[in-house]
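Participant: Here's a structure for you.
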Protein chains: 2
Amino acid sequence: MAGKLVKTLREAIALSGLKSGMSVSFHHHLRNGDYTLNMVMDEIAALGIRDLTLNASSLFDTHMPLEEHIRSHVVRKINTNYMSAGLGHRISEGLMEEPVDFRTHGGRPRDIALGTTPIDVAFIAAPAADCQGNCTGKIGPSACGSMGYAFPDAMYARKVIVITDNLVDYPLQGWSIPEIHVDYVVTVDAIGDPRGIVSGTTKITRDPVGLIMAETAVKVIQHSGLLKDGFSFQTGAGGASLAAAKFLMDVMVKEQIQGSFASGGITGYLVDMLEAGCFKSLMDVQCFDLKAVESIRKNPAHQEISAMQYASPAAKSAVVDSLDVVILGATEIDTDFNVNVHTDSNGYIMGGSGGHSDTAAGAKLSMIIAPLFRARLPIVTDRVQCISTPGRDIDVLVTQRGVAVNPKNQELMARLKDAGLPVMDIRQLKEIAENITGTPQRVRREGRTVANVIYRDGSVIDTIRSVK
Amino acid sequence: MAGKLVKTLREAIALSGLKSGMSVSFHHHLRNGDYTLNMVMDEIAALGIRDLTLNASSLFDTHMPLEEHIRSHVVRKINTNYMSAGLGHRISEGLMEEPVDFRTHGGRPRDIALGTTPIDVAFIAAPAADCQGNCTGKIGPSACGSMGYAFPDAMYARKVIVITDNLVDYPLQGWSIPEIHVDYVVTVDAIGDPRGIVSGTTKITRDPVGLIMAETAVKVIQHSGLLKDGFSFQTGAGGASLAAAKFLMDVMVKEQIQGSFASGGITGYLVDMLEAGCFKSLMDVQCFDLKAVESIRKNPAHQEISAMQYASPAAKSAVVDSLDVVILGATEIDTDFNVNVHTDSNGYIMGGSGGHSDTAAGAKLSMIIAPLFRARLPIVTDRVQCISTPGRDIDVLVTQRGVAVNPKNQELMARLKDAGLPVMDIRQLKEIAENITGTPQRVRREGRTVANVIYRDGSVIDTIRSVK
C-alpha cells in the first residue's frame with residue numbers, strides 16, 4: 001500500500017482528483033484562528049480549479065479572502081451553517097450569483113449522509129494526526145478539543161485530506177476520526193492561530209440587564225418541572241447565557257440535583273458544572289475555550305460527539321432528542337415566536353442557525369433569552385425578517401422586563417404564573433419596548449435571493465434577500 | 001420521539017419489520033458464552049419467520065440449536081467468518097441446501113459496506129447500553145471488552161436492535177457504538193455466560209514441540225530485520241503462538257525495543273507486553289481473556305478498533321496494512337504455501353479464516369507456526385484441501401524441525417540462512433514428516449459444494465465439498 005503522507009498540499013489536492021465544478025468541505029473547529037481554509041483555497045485557485053461548491057460547517061471573518069475566490073469564480077456556491085458579519089455583508093450585497101444555502105448543524109450531516117450535498121474532497125484540519133490519518137483535536141499546539149463537525153465530512157467525502165501541524169507516531173492514541181476514512185495526510189507549519197481557535201476564558205456578562213435575564217431564565221427552569229435528577233441542558237456562549245449557566249449551577253449544587261448531561265458547544269462554565277457534579281457527562285461537539293479543551297483531553301466523562309450524534313435528523317437518535325432545556329439567542333423574535341439568528345436589524349447576514357433550530361426542535365423547553373431592545377430596536381416584531389427557527393419549536397422568551405410563553409405550552413404558562421414570574425403576552429413585550437424606543441421603520445427587503453435558509457428536515461424555511 | 005426501549009425481544013423483532021427472506025446479523029464477542037443468537041432465533045422461529053440469511057461474524061458450538069432452525073427452514077443461508085467443529089460437521093454432512101459463504105474478518109465489513117451482503121436487522125449483544133442505544137462491551141456482568149466486529153452491523157443494517165443485561169443511565173460513558181445507529185433497546189436477564197465469554201487466563205503451551213516452535217519463531221522475527229523500534233505484531237491465541245509472544249517479550253525487554261502496536265484478538269500476554277513498554281498501543285478488535293477486558297477498560301493505550309479499522313479492504317487503510325509480523329496457524333499448508341484453516345484432515349469444517357488472510361495480506365512478514373504432523377498426519381501436503389489463505393501471502397513456515405521460507409521472499413531466506421536457522425525447502429519438511437508418519441492417503445472430497453471460501457477482495461478462492 002502506498003503511504004498516505006504527501007509532501008505538499010498542492011500534491012494532495014492533485015492526487016485527490018479535484019476538478020472544476022466539484023465540492024470541497026471544511027470544518028470550523030479552529031474558528032476564527034483557522035489557517036487551513038484560506039491555505040487550501042489559495043492552492044486550489046493556483047491550480048486553476050474553478051466553479052467549486054464550498055461546504056463549510058461555519059465561516060468566520062478570518063475567511064474573508066474567500067471574497068476574492070468568489071469574485072474570480074473559484075467558488076461558485078456556498079453551503080454553510082453560519083457566517084460571520086464580514087463575509088455575510090458581502091453576500092447580502094450580492095457578491096455571489098448563486099444563493100448561499102444555510103443549513104443547521106444537524107441538517108448539514110443529514111444532507112451529507114443522504115447524498116443531497118455530496119462532497120468530493122474533504123479537508124480536515126487536525127491538531128494531531130498520524131501517518132495513516134488517525135486524528136484528534138485534543139492535543140497539539142493548535143488543539144481545539146472536539147472535532148465533532150468534521151465526522152460527516154470524513155465519513156462521506158469521496159476523498160479525505162488530513163492537514164496537520166502535529167504529526168505523531170502511528171498509531172495515534174485516542175483518535176476522533178479513524179484512518180479508515182483518510183486518503184492523504186499533509187503536514188504544514190501551522191493549521192491555525194491558537195489565539196483565534198479558543199478564547200482564554202469566556203466571560204459571563206456584567207451588564208445588569210443580562211444578569212436580570214439570566215436570573216429570570218434560571219427561575220423559569222426551576223419552575224418548569226424539568227429541573228430534577230436526570231436534568232439535561234444546553235446553552236450558548238453569549239454573556240447572558242453563561243451567566244444563566246452560572247446561576248443554574250448555584251441552584252443545582254444547593255439543591256443537590258444530579259443532572260444527566262450538558263451538550264453542544266462547551267465552555268468552562270459547563271466544565272465547572274460537570275466537575276461540581278451537576279452533570280454526569282458533557283456531550284461535546286465543539287469546545288469554546290481552553291478549559292473545555294483541557295477537560296475533554298483529561299476527563300472521560302467529557303465526551304466528544306459527532307455532528308450526527310449531536311443533532312442529525314437522519315440519525316436514529318441524536319443528543320438533542322434527549323435534551324430537557326436549551327437556552328438560545330435571537331436577533332429578532334416575532335409574535336408567533338419565530339426566531340431570526342441569520343440577519344441583523346438591517347437585513348445583513350451576520351450569523352446562522354448553527355444548532356439553534358436543532359436544539360429547539362429536540363428540547364422539551366426551548367428558551368430564547370434576549371434584551372427587550374438592542375441599539376434602540378425592539379427585539380420583538382410582528383414578523384421576523386428571516387425565520388431561522390420556527391415559532392412552533394420555541395416555548396418561552398425571557399427578557400429583562402418579562403417572560404412570554406408560547407400559547408402552545410399552556411402547562412408551562414400555568415407553572416410560571418403560579419410561581420409568580422412576570423408572564424405576559426409577547427405582544428405586551430413588543431408594546432413595552434416600542435413605548436421606549438418608538439415603533440421602528442421595518443424595511444422588508446425585496447431584492448434578489450442571496451441565501452436560502454434550509455431547515456433541518458431539508459425544506460427551505462425562508463430566503464434572505466439582497467440589501468443593496 | 002418515541003422511546004427506543006421495548007419490553008420484549010419479540011416486540012423488538014416485530015417493530016423491526018423483519019419478514020421471511022430477510023437477513024439478520026450477529027457479532028461473536030460473547031464467543032462460546034453467547035446466549036443472544038439462540039434467544040433471537042427462537043423468537044424469530046416462534047413468529048413464523050422463515051428463509052432468513054444469517055450473517056454472523058463467527059459461530060460457536062453454543063450455537064448448535066441453529067441446526068434445528070436450519071432443518072425447519074427458518075435459516076436458509078449462512079454468511080460467517082468462522083464456524084466451530086460442532087456446526088461445521090453438520091454443514092459438511094450436507095445440512096444446508098445453500099452453501100455457507102465464509103468470509104474473512106476484513107471481507108465481512110467490506111461486503112456489508114459495499115451492499116453485497118445487506119443486513120435487514122442487526123442484533124447487537126451489549127454488555128452495557130443506555131436507553132438510546134449507546135453501548136459498550138467494557139463494563140457489566142457480561143463484559144467482553146472490544147465490540148469491534150459489531151460496528152459494521154450497527155452502521156449499515158437497516159434496523160439495529162441492542163440487547164443488553166445491563167441498562168445504564170443515559171448517556172453511557174465511553175460508548176463503542178453510538179445511539180445514532182440504534183433503533184431499539186431490549187433488556188434481558190443475561191446476554192451470556194461469563195465463563196464462556198472470556199477465558200480466565202489463556203495458557204501458553206508446555207508441550208516441548210510447541211516451545212521449540214515458539215523459540216524458532218522468535219529467532220525468525222529477530223533475524224527478519226523487522227524487530228526494531230516501531231515494530232508491530234499480531235499473534236493468535238494458540239498455545240505455541242502465546243509462547244512465542246512470551247519469548248518475544250523477553251527479547252524486546254532485554255534489547256529495549258520500543259514497538260509500535262500489537263493488534264487483533266488481544267490476550268493477557270499482549271497486555272503484559274504493552275505494560276512492559278514493548279508496544280505503545282494495543283489495537284483491539286476482540287478480547288480473548290479477562291486480563292484483556294480489564295486492560296481495555298482502564299488503559300487508554302489499549303484501543304478498541306472496528307472490524308473495518310482492523311482489516312477491511314474497503315477502508316482507506318486498516319491496521320493490518322501497517323503490520324510488520326503476524327504469527328498464524330494452519331491445519332494444512334501445501335508446498336505452494338497455501339494454508340487451510342477451514343477444514344480438518346477429514347475435510348470437515350472446523351474453523352474459518354477469521355483474520356488469517358487479512359493479516360497475511362497486510363503484514364510484511366506472515367509466519368505460519370505448526371507442528372510437522374498432528375495425530376500422525378503431516379502438516380505439509382502437495383495441495384491443501386481448502387485454500388483459506390493463498391500462498392503468495394505467506395512468507396515462512398516454522399515447525400519444530402525446520403523453517404521453510406517462501407521462495408518469493410529471497411531476502412528473508414538469505415537473512416535466516418545467514419543467522420544459522422534450520423532453513424529448508426518446504427518439500428523437505430514434507431518428506432521428513434512422511435518418513436515418520438508414512439505417506440497419508442489423502443481423499444479429495446468430490447461431493448456437492450457445502451461452502452464457498454470468499455477471499456477478502458470478494459472473489460471465491462475455494463469451495464468446500466460435502467463429506468458424506
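Every chain in the C-alpha cells takes a letter, A first, then B, and so on in the order presented; its residues are numbered from 1, and the ligands are numbered from 1 following the presented order.
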So that I can see what lies close to Thr80 of chain B, please list as a PyMOL selection string the residues with an atom at most 6 Å from it, counting only C-alpha atoms and leaving out residues fewer than 5 positions away in the same chain.

Facilitator: chain B and resi 55-58+102

Participant: At a cut-off of 8 Å, which residues of chain B touch chain A? Count only C-alpha atoms and give the answer as a PyMOL selection string.

Facilitator: chain B and resi 1+132+170-171+173-174+178-183+260-261+281+300-301+303+308-309+315-318+321

Participant: Which neighbours of Asp457 of chain A fall inside 12 Å, counting only C-alpha atoms, when residues of the same chain fewer than 4 positions from it are skipped, and could you give them as a tab-separated table (two decimals) with N, CA, C and O atoms, in the first residue's frame?

Facilitator:
```tsv
chain	number	residue	atom	x	y	z
A	103	ARG	N	-27.67	25.79	6.30
A	103	ARG	CA	-28.29	24.65	6.96
A	103	ARG	C	-28.08	24.76	8.46
A	103	ARG	O	-27.57	25.76	8.96
A	104	THR	N	-28.49	23.72	9.17
A	104	THR	CA	-28.28	23.67	10.62
A	104	THR	C	-27.15	22.68	10.91
A	104	THR	O	-26.76	21.90	10.03
A	105	HIS	N	-26.68	22.69	12.14
A	105	HIS	CA	-25.60	21.75	12.49
A	105	HIS	C	-26.08	20.30	12.39
A	105	HIS	O	-25.27	19.39	12.23
A	106	GLY	N	-27.37	20.08	12.49
A	106	GLY	CA	-27.90	18.72	12.30
A	106	GLY	C	-28.30	18.46	10.85
A	106	GLY	O	-28.19	17.34	10.36
A	107	GLY	N	-28.76	19.50	10.18
A	107	GLY	CA	-29.17	19.35	8.79
A	107	GLY	C	-28.01	19.10	7.85
A	107	GLY	O	-28.13	18.37	6.86
A	108	ARG	N	-26.85	19.71	8.18
A	108	ARG	CA	-25.68	19.51	7.32
A	108	ARG	C	-25.26	18.03	7.27
A	108	ARG	O	-25.16	17.46	6.17
A	109	PRO	N	-25.02	17.38	8.42
A	109	PRO	CA	-24.68	15.95	8.32
A	109	PRO	C	-25.81	15.11	7.71
A	109	PRO	O	-25.54	14.12	7.03
A	110	ARG	N	-27.06	15.50	7.96
A	110	ARG	CA	-28.17	14.80	7.32
A	110	ARG	C	-28.01	14.84	5.81
A	110	ARG	O	-28.09	13.81	5.13
A	111	ASP	N	-27.81	16.04	5.27
A	111	ASP	CA	-27.77	16.16	3.81
A	111	ASP	C	-26.50	15.59	3.21
A	111	ASP	O	-26.49	15.17	2.05
A	114	LEU	N	-27.30	11.74	3.30
A	114	LEU	CA	-28.32	11.35	2.32
A	114	LEU	C	-27.86	11.58	0.88
A	114	LEU	O	-28.55	11.19	-0.06
A	116	THR	N	-27.55	14.50	-0.57
A	116	THR	CA	-28.10	15.75	-1.11
A	116	THR	C	-26.99	16.74	-1.41
A	116	THR	O	-27.05	17.48	-2.39
A	311	ALA	N	-26.99	16.18	16.49
A	311	ALA	CA	-28.22	16.83	16.05
A	311	ALA	C	-28.84	16.33	14.75
A	311	ALA	O	-29.85	16.87	14.33
A	312	SER	N	-28.27	15.31	14.12
A	312	SER	CA	-28.80	14.97	12.79
A	312	SER	C	-30.17	14.32	12.84
A	312	SER	O	-30.37	13.31	13.52
A	313	PRO	N	-31.12	14.85	12.08
A	313	PRO	CA	-32.43	14.18	11.99
A	313	PRO	C	-32.35	12.88	11.19
A	313	PRO	O	-33.30	12.10	11.21
A	314	ALA	N	-31.25	12.62	10.51
A	314	ALA	CA	-31.09	11.36	9.80
A	314	ALA	C	-30.53	10.27	10.71
A	314	ALA	O	-30.52	9.10	10.36
A	315	ALA	N	-30.05	10.66	11.89
A	315	ALA	CA	-29.58	9.66	12.86
A	315	ALA	C	-30.80	9.00	13.51
A	315	ALA	O	-31.86	9.60	13.59
A	357	SER	N	-31.96	25.67	15.59
A	357	SER	CA	-33.25	25.00	15.35
A	357	SER	C	-33.20	23.51	15.67
A	357	SER	O	-34.24	22.91	15.94
A	358	ASP	N	-32.01	22.91	15.67
A	358	ASP	CA	-31.90	21.50	16.06
A	358	ASP	C	-32.23	21.33	17.54
A	358	ASP	O	-33.01	20.45	17.91
A	361	ALA	N	-35.88	22.13	18.32
A	361	ALA	CA	-36.78	21.04	17.95
A	361	ALA	C	-36.70	19.89	18.94
A	361	ALA	O	-37.70	19.23	19.23
A	453	VAL	N	-32.58	29.58	3.58
A	453	VAL	CA	-32.47	29.01	4.91
A	453	VAL	C	-33.14	27.65	4.87
A	453	VAL	O	-34.35	27.55	4.67
A	461	ILE	N	-37.05	26.97	4.58
A	461	ILE	CA	-37.96	27.59	5.54
A	461	ILE	C	-38.07	29.09	5.31
A	461	ILE	O	-39.06	29.73	5.65
```

Participant: Step one, run DSSP on the backbone; step two, keep only residues of segment 50-110 of chain A assigned to helix (DSSP H, G or I); then write them as a PDB file with all heavy atoms, in the first residue's frame.

Facilitator:
```
ATOM      1  N   ASP A  61     -14.737  35.525  10.047  1.00  0.00           N
ATOM      2  CA  ASP A  61     -14.154  36.667   9.351  1.00  0.00           C
ATOM      3  C   ASP A  61     -12.727  36.404   8.878  1.00  0.00           C
ATOM      4  O   ASP A  61     -12.260  37.037   7.938  1.00  0.00           O
ATOM      5  CB  ASP A  61     -14.218  37.908  10.249  1.00  0.00           C
ATOM      6  CG  ASP A  61     -15.631  38.488  10.275  1.00  0.00           C
ATOM      7  OD1 ASP A  61     -16.446  38.084   9.404  1.00  0.00           O
ATOM      8  OD2 ASP A  61     -15.930  39.325  11.138  1.00  0.00           O
ATOM      9  N   THR A  62     -12.065  35.435   9.527  1.00  0.00           N
ATOM     10  CA  THR A  62     -10.727  35.080   9.052  1.00  0.00           C
ATOM     11  C   THR A  62     -10.788  34.503   7.634  1.00  0.00           C
ATOM     12  O   THR A  62      -9.763  34.427   6.952  1.00  0.00           O
ATOM     13  CB  THR A  62     -10.061  34.079  10.024  1.00  0.00           C
ATOM     14  OG1 THR A  62      -8.677  33.993   9.712  1.00  0.00           O
ATOM     15  CG2 THR A  62     -10.680  32.689   9.910  1.00  0.00           C
ATOM     16  N   HIS A  63     -11.969  34.130   7.209  1.00  0.00           N
ATOM     17  CA  HIS A  63     -12.115  33.553   5.862  1.00  0.00           C
ATOM     18  C   HIS A  63     -12.506  34.599   4.819  1.00  0.00           C
ATOM     19  O   HIS A  63     -12.935  34.243   3.717  1.00  0.00           O
ATOM     20  CB  HIS A  63     -13.145  32.411   5.897  1.00  0.00           C
ATOM     21  CG  HIS A  63     -12.784  31.313   6.850  1.00  0.00           C
ATOM     22  ND1 HIS A  63     -13.633  30.852   7.824  1.00  0.00           N
ATOM     23  CD2 HIS A  63     -11.633  30.604   6.990  1.00  0.00           C
ATOM     24  CE1 HIS A  63     -13.028  29.894   8.528  1.00  0.00           C
ATOM     25  NE2 HIS A  63     -11.812  29.731   8.039  1.00  0.00           N
ATOM     26  N   LEU A  66     -12.020  34.548   1.007  1.00  0.00           N
ATOM     27  CA  LEU A  66     -12.970  33.848   0.138  1.00  0.00           C
ATOM     28  C   LEU A  66     -13.615  34.811  -0.857  1.00  0.00           C
ATOM     29  O   LEU A  66     -13.981  34.411  -1.972  1.00  0.00           O
ATOM     30  CB  LEU A  66     -14.085  33.205   0.970  1.00  0.00           C
ATOM     31  CG  LEU A  66     -13.928  31.752   1.385  1.00  0.00           C
ATOM     32  CD1 LEU A  66     -15.169  31.307   2.145  1.00  0.00           C
ATOM     33  CD2 LEU A  66     -13.699  30.867   0.154  1.00  0.00           C
ATOM     34  N   GLU A  67     -13.772  36.060  -0.413  1.00  0.00           N
ATOM     35  CA  GLU A  67     -14.401  37.049  -1.298  1.00  0.00           C
ATOM     36  C   GLU A  67     -13.703  37.076  -2.660  1.00  0.00           C
ATOM     37  O   GLU A  67     -14.354  37.068  -3.704  1.00  0.00           O
ATOM     38  CB  GLU A  67     -14.340  38.439  -0.637  1.00  0.00           C
ATOM     39  CG  GLU A  67     -15.028  39.500  -1.457  1.00  0.00           C
ATOM     40  CD  GLU A  67     -14.985  40.883  -0.809  1.00  0.00           C
ATOM     41  OE1 GLU A  67     -14.458  41.021   0.317  1.00  0.00           O
ATOM     42  OE2 GLU A  67     -15.471  41.832  -1.449  1.00  0.00           O
ATOM     43  N   GLU A  68     -12.388  37.064  -2.606  1.00  0.00           N
ATOM     44  CA  GLU A  68     -11.617  37.115  -3.856  1.00  0.00           C
ATOM     45  C   GLU A  68     -11.838  35.848  -4.682  1.00  0.00           C
ATOM     46  O   GLU A  68     -11.966  35.904  -5.912  1.00  0.00           O
ATOM     47  CB  GLU A  68     -10.125  37.329  -3.532  1.00  0.00           C
ATOM     48  CG  GLU A  68      -9.310  37.849  -4.679  1.00  0.00           C
ATOM     49  CD  GLU A  68     -10.051  38.921  -5.504  1.00  0.00           C
ATOM     50  OE1 GLU A  68     -10.512  39.948  -4.931  1.00  0.00           O
ATOM     51  OE2 GLU A  68     -10.193  38.682  -6.715  1.00  0.00           O
ATOM     52  N   HIS A  69     -11.893  34.700  -4.002  1.00  0.00           N
ATOM     53  CA  HIS A  69     -12.104  33.438  -4.722  1.00  0.00           C
ATOM     54  C   HIS A  69     -13.513  33.344  -5.304  1.00  0.00           C
ATOM     55  O   HIS A  69     -13.738  32.645  -6.285  1.00  0.00           O
ATOM     56  CB  HIS A  69     -11.839  32.246  -3.797  1.00  0.00           C
ATOM     57  CG  HIS A  69     -10.407  32.131  -3.362  1.00  0.00           C
ATOM     58  ND1 HIS A  69      -9.356  32.096  -4.251  1.00  0.00           N
ATOM     59  CD2 HIS A  69      -9.847  32.071  -2.128  1.00  0.00           C
ATOM     60  CE1 HIS A  69      -8.217  31.992  -3.591  1.00  0.00           C
ATOM     61  NE2 HIS A  69      -8.483  31.989  -2.293  1.00  0.00           N
ATOM     62  N   ILE A  70     -14.436  34.048  -4.677  1.00  0.00           N
ATOM     63  CA  ILE A  70     -15.793  34.088  -5.244  1.00  0.00           C
ATOM     64  C   ILE A  70     -15.794  34.977  -6.484  1.00  0.00           C
ATOM     65  O   ILE A  70     -16.298  34.605  -7.546  1.00  0.00           O
ATOM     66  CB  ILE A  70     -16.798  34.601  -4.190  1.00  0.00           C
ATOM     67  CG1 ILE A  70     -16.945  33.572  -3.054  1.00  0.00           C
ATOM     68  CG2 ILE A  70     -18.154  34.891  -4.831  1.00  0.00           C
ATOM     69  CD1 ILE A  70     -17.638  34.093  -1.803  1.00  0.00           C
ATOM     70  N   ARG A  71     -15.142  36.145  -6.353  1.00  0.00           N
ATOM     71  CA  ARG A  71     -15.098  37.080  -7.487  1.00  0.00           C
ATOM     72  C   ARG A  71     -14.417  36.453  -8.708  1.00  0.00           C
ATOM     73  O   ARG A  71     -14.812  36.703  -9.833  1.00  0.00           O
ATOM     74  CB  ARG A  71     -14.341  38.361  -7.098  1.00  0.00           C
ATOM     75  CG  ARG A  71     -15.107  39.211  -6.099  1.00  0.00           C
ATOM     76  CD  ARG A  71     -14.525  40.629  -5.998  1.00  0.00           C
ATOM     77  NE  ARG A  71     -15.038  41.319  -4.832  1.00  0.00           N
ATOM     78  CZ  ARG A  71     -16.266  41.832  -4.734  1.00  0.00           C
ATOM     79  NH1 ARG A  71     -17.097  41.753  -5.755  1.00  0.00           N
ATOM     80  NH2 ARG A  71     -16.666  42.423  -3.621  1.00  0.00           N
ATOM     81  N   ALA A  85     -20.238  38.304  10.221  1.00  0.00           N
ATOM     82  CA  ALA A  85     -20.757  39.504   9.565  1.00  0.00           C
ATOM     83  C   ALA A  85     -19.908  39.981   8.382  1.00  0.00           C
ATOM     84  O   ALA A  85     -20.444  40.521   7.403  1.00  0.00           O
ATOM     85  CB  ALA A  85     -20.889  40.626  10.593  1.00  0.00           C
ATOM     86  N   GLY A  86     -18.608  39.788   8.448  1.00  0.00           N
ATOM     87  CA  GLY A  86     -17.739  40.298   7.378  1.00  0.00           C
ATOM     88  C   GLY A  86     -18.134  39.737   6.026  1.00  0.00           C
ATOM     89  O   GLY A  86     -18.532  40.465   5.105  1.00  0.00           O
ATOM     90  N   LEU A  87     -18.066  38.425   5.905  1.00  0.00           N
ATOM     91  CA  LEU A  87     -18.460  37.783   4.658  1.00  0.00           C
ATOM     92  C   LEU A  87     -19.964  37.917   4.445  1.00  0.00           C
ATOM     93  O   LEU A  87     -20.435  38.085   3.307  1.00  0.00           O
ATOM     94  CB  LEU A  87     -18.040  36.310   4.692  1.00  0.00           C
ATOM     95  CG  LEU A  87     -18.023  35.567   3.363  1.00  0.00           C
ATOM     96  CD1 LEU A  87     -17.058  36.207   2.372  1.00  0.00           C
ATOM     97  CD2 LEU A  87     -17.652  34.094   3.578  1.00  0.00           C
ATOM     98  N   GLY A  88     -20.712  37.880   5.546  1.00  0.00           N
ATOM     99  CA  GLY A  88     -22.171  37.999   5.472  1.00  0.00           C
ATOM    100  C   GLY A  88     -22.603  39.282   4.769  1.00  0.00           C
ATOM    101  O   GLY A  88     -23.513  39.274   3.924  1.00  0.00           O
ATOM    102  N   HIS A  89     -21.941  40.386   5.107  1.00  0.00           N
ATOM    103  CA  HIS A  89     -22.274  41.657   4.456  1.00  0.00           C
ATOM    104  C   HIS A  89     -22.066  41.583   2.949  1.00  0.00           C
ATOM    105  O   HIS A  89     -22.900  42.046   2.170  1.00  0.00           O
ATOM    106  CB  HIS A  89     -21.419  42.789   5.052  1.00  0.00           C
ATOM    107  CG  HIS A  89     -22.088  43.460   6.206  1.00  0.00           C
ATOM    108  ND1 HIS A  89     -22.281  44.818   6.280  1.00  0.00           N
ATOM    109  CD2 HIS A  89     -22.652  42.934   7.326  1.00  0.00           C
ATOM    110  CE1 HIS A  89     -22.907  45.109   7.414  1.00  0.00           C
ATOM    111  NE2 HIS A  89     -23.134  43.987   8.069  1.00  0.00           N
ATOM    112  N   ARG A  90     -20.959  40.992   2.552  1.00  0.00           N
ATOM    113  CA  ARG A  90     -20.675  40.893   1.111  1.00  0.00           C
ATOM    114  C   ARG A  90     -21.741  40.058   0.406  1.00  0.00           C
ATOM    115  O   ARG A  90     -22.210  40.383  -0.665  1.00  0.00           O
ATOM    116  CB  ARG A  90     -19.301  40.270   0.866  1.00  0.00           C
ATOM    117  CG  ARG A  90     -18.145  41.026   1.423  1.00  0.00           C
ATOM    118  CD  ARG A  90     -17.915  42.352   0.703  1.00  0.00           C
ATOM    119  NE  ARG A  90     -16.724  42.987   1.230  1.00  0.00           N
ATOM    120  CZ  ARG A  90     -16.677  43.628   2.401  1.00  0.00           C
ATOM    121  NH1 ARG A  90     -17.749  43.745   3.146  1.00  0.00           N
ATOM    122  NH2 ARG A  90     -15.547  44.168   2.820  1.00  0.00           N
ATOM    123  N   ILE A  91     -22.100  38.949   1.056  1.00  0.00           N
ATOM    124  CA  ILE A  91     -23.132  38.084   0.472  1.00  0.00           C
ATOM    125  C   ILE A  91     -24.434  38.864   0.357  1.00  0.00           C
ATOM    126  O   ILE A  91     -25.120  38.828  -0.679  1.00  0.00           O
ATOM    127  CB  ILE A  91     -23.330  36.805   1.322  1.00  0.00           C
ATOM    128  CG1 ILE A  91     -22.047  35.976   1.396  1.00  0.00           C
ATOM    129  CG2 ILE A  91     -24.506  35.962   0.797  1.00  0.00           C
ATOM    130  CD1 ILE A  91     -21.554  35.417   0.089  1.00  0.00           C
ATOM    131  N   SER A  92     -24.762  39.576   1.421  1.00  0.00           N
ATOM    132  CA  SER A  92     -26.018  40.343   1.422  1.00  0.00           C
ATOM    133  C   SER A  92     -26.016  41.424   0.349  1.00  0.00           C
ATOM    134  O   SER A  92     -27.070  41.819  -0.155  1.00  0.00           O
ATOM    135  CB  SER A  92     -26.242  40.979   2.795  1.00  0.00           C
ATOM    136  OG  SER A  92     -26.569  39.987   3.741  1.00  0.00           O
ATOM    137  N   GLY A 107     -28.759  19.500  10.183  1.00  0.00           N
ATOM    138  CA  GLY A 107     -29.174  19.347   8.791  1.00  0.00           C
ATOM    139  C   GLY A 107     -28.006  19.104   7.854  1.00  0.00           C
ATOM    140  O   GLY A 107     -28.130  18.371   6.861  1.00  0.00           O
ATOM    141  N   ARG A 108     -26.850  19.706   8.184  1.00  0.00           N
ATOM    142  CA  ARG A 108     -25.682  19.507   7.321  1.00  0.00           C
ATOM    143  C   ARG A 108     -25.264  18.030   7.272  1.00  0.00           C
ATOM    144  O   ARG A 108     -25.161  17.461   6.167  1.00  0.00           O
ATOM    145  CB  ARG A 108     -24.523  20.393   7.798  1.00  0.00           C
ATOM    146  CG  ARG A 108     -23.245  20.248   6.977  1.00  0.00           C
ATOM    147  CD  ARG A 108     -22.167  21.215   7.470  1.00  0.00           C
ATOM    148  NE  ARG A 108     -21.007  21.197   6.586  1.00  0.00           N
ATOM    149  CZ  ARG A 108     -19.975  20.365   6.737  1.00  0.00           C
ATOM    150  NH1 ARG A 108     -19.964  19.488   7.736  1.00  0.00           N
ATOM    151  NH2 ARG A 108     -18.957  20.410   5.890  1.00  0.00           N
ATOM    152  N   PRO A 109     -25.025  17.378   8.416  1.00  0.00           N
ATOM    153  CA  PRO A 109     -24.683  15.948   8.324  1.00  0.00           C
ATOM    154  C   PRO A 109     -25.807  15.109   7.714  1.00  0.00           C
ATOM    155  O   PRO A 109     -25.536  14.121   7.031  1.00  0.00           O
ATOM    156  CB  PRO A 109     -24.410  15.543   9.786  1.00  0.00           C
ATOM    157  CG  PRO A 109     -24.963  16.636  10.626  1.00  0.00           C
ATOM    158  CD  PRO A 109     -24.922  17.885   9.794  1.00  0.00           C
ATOM    159  N   ARG A 110     -27.057  15.503   7.958  1.00  0.00           N
ATOM    160  CA  ARG A 110     -28.167  14.798   7.317  1.00  0.00           C
ATOM    161  C   ARG A 110     -28.014  14.840   5.809  1.00  0.00           C
ATOM    162  O   ARG A 110     -28.086  13.812   5.133  1.00  0.00           O
ATOM    163  CB  ARG A 110     -29.501  15.446   7.713  1.00  0.00           C
ATOM    164  CG  ARG A 110     -30.700  14.941   6.914  1.00  0.00           C
ATOM    165  CD  ARG A 110     -31.906  15.861   7.100  1.00  0.00           C
ATOM    166  NE  ARG A 110     -33.066  15.379   6.380  1.00  0.00           N
ATOM    167  CZ  ARG A 110     -33.303  15.638   5.085  1.00  0.00           C
ATOM    168  NH1 ARG A 110     -32.465  16.361   4.368  1.00  0.00           N
ATOM    169  NH2 ARG A 110     -34.382  15.161   4.502  1.00  0.00           N
TER     170      ARG A 110
END
```

Participant: I'd like the contact shell of Pro194 of chain B - 7 Å cut-off, only C-alpha atoms, skipping same-chain residues fewer than 4 positions apart - returned as a list in words.

Facilitator: Gly33, Ser142 and Val198 of chain B

Participant: Now that the selection is made, can you save its residues with N, CA, C and O atoms as a PDB file, in the first residue's frame?

Facilitator:
```
ATOM      1  N   GLY B  33     -19.921 -18.224  25.063  1.00  0.00           N
ATOM      2  CA  GLY B  33     -20.839 -17.911  26.160  1.00  0.00           C
ATOM      3  C   GLY B  33     -22.092 -17.190  25.704  1.00  0.00           C
ATOM      4  O   GLY B  33     -22.950 -16.853  26.516  1.00  0.00           O
ATOM      5  N   SER B 142     -21.528  -9.170  31.840  1.00  0.00           N
ATOM      6  CA  SER B 142     -21.150  -9.963  30.662  1.00  0.00           C
ATOM      7  C   SER B 142     -20.076  -9.245  29.836  1.00  0.00           C
ATOM      8  O   SER B 142     -20.014  -9.403  28.627  1.00  0.00           O
ATOM      9  N   VAL B 198     -15.118 -15.014  28.052  1.00  0.00           N
ATOM     10  CA  VAL B 198     -13.653 -14.902  28.043  1.00  0.00           C
ATOM     11  C   VAL B 198     -13.101 -15.986  28.955  1.00  0.00           C
ATOM     12  O   VAL B 198     -13.694 -16.311  29.969  1.00  0.00           O
TER      13      VAL B 198
END
```

Participant: Just the residues within 7 Å of Tyr149 of chain A, please, counting only C-alpha atoms, with nothing from its chain fewer than 2 positions along; format it as a list in words.

Facilitator: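 These residues fall inside the cut-off: His27, Ser57, Met147, Phe151, Pro152, Val285, Ser306 and Ala307 of chain A.
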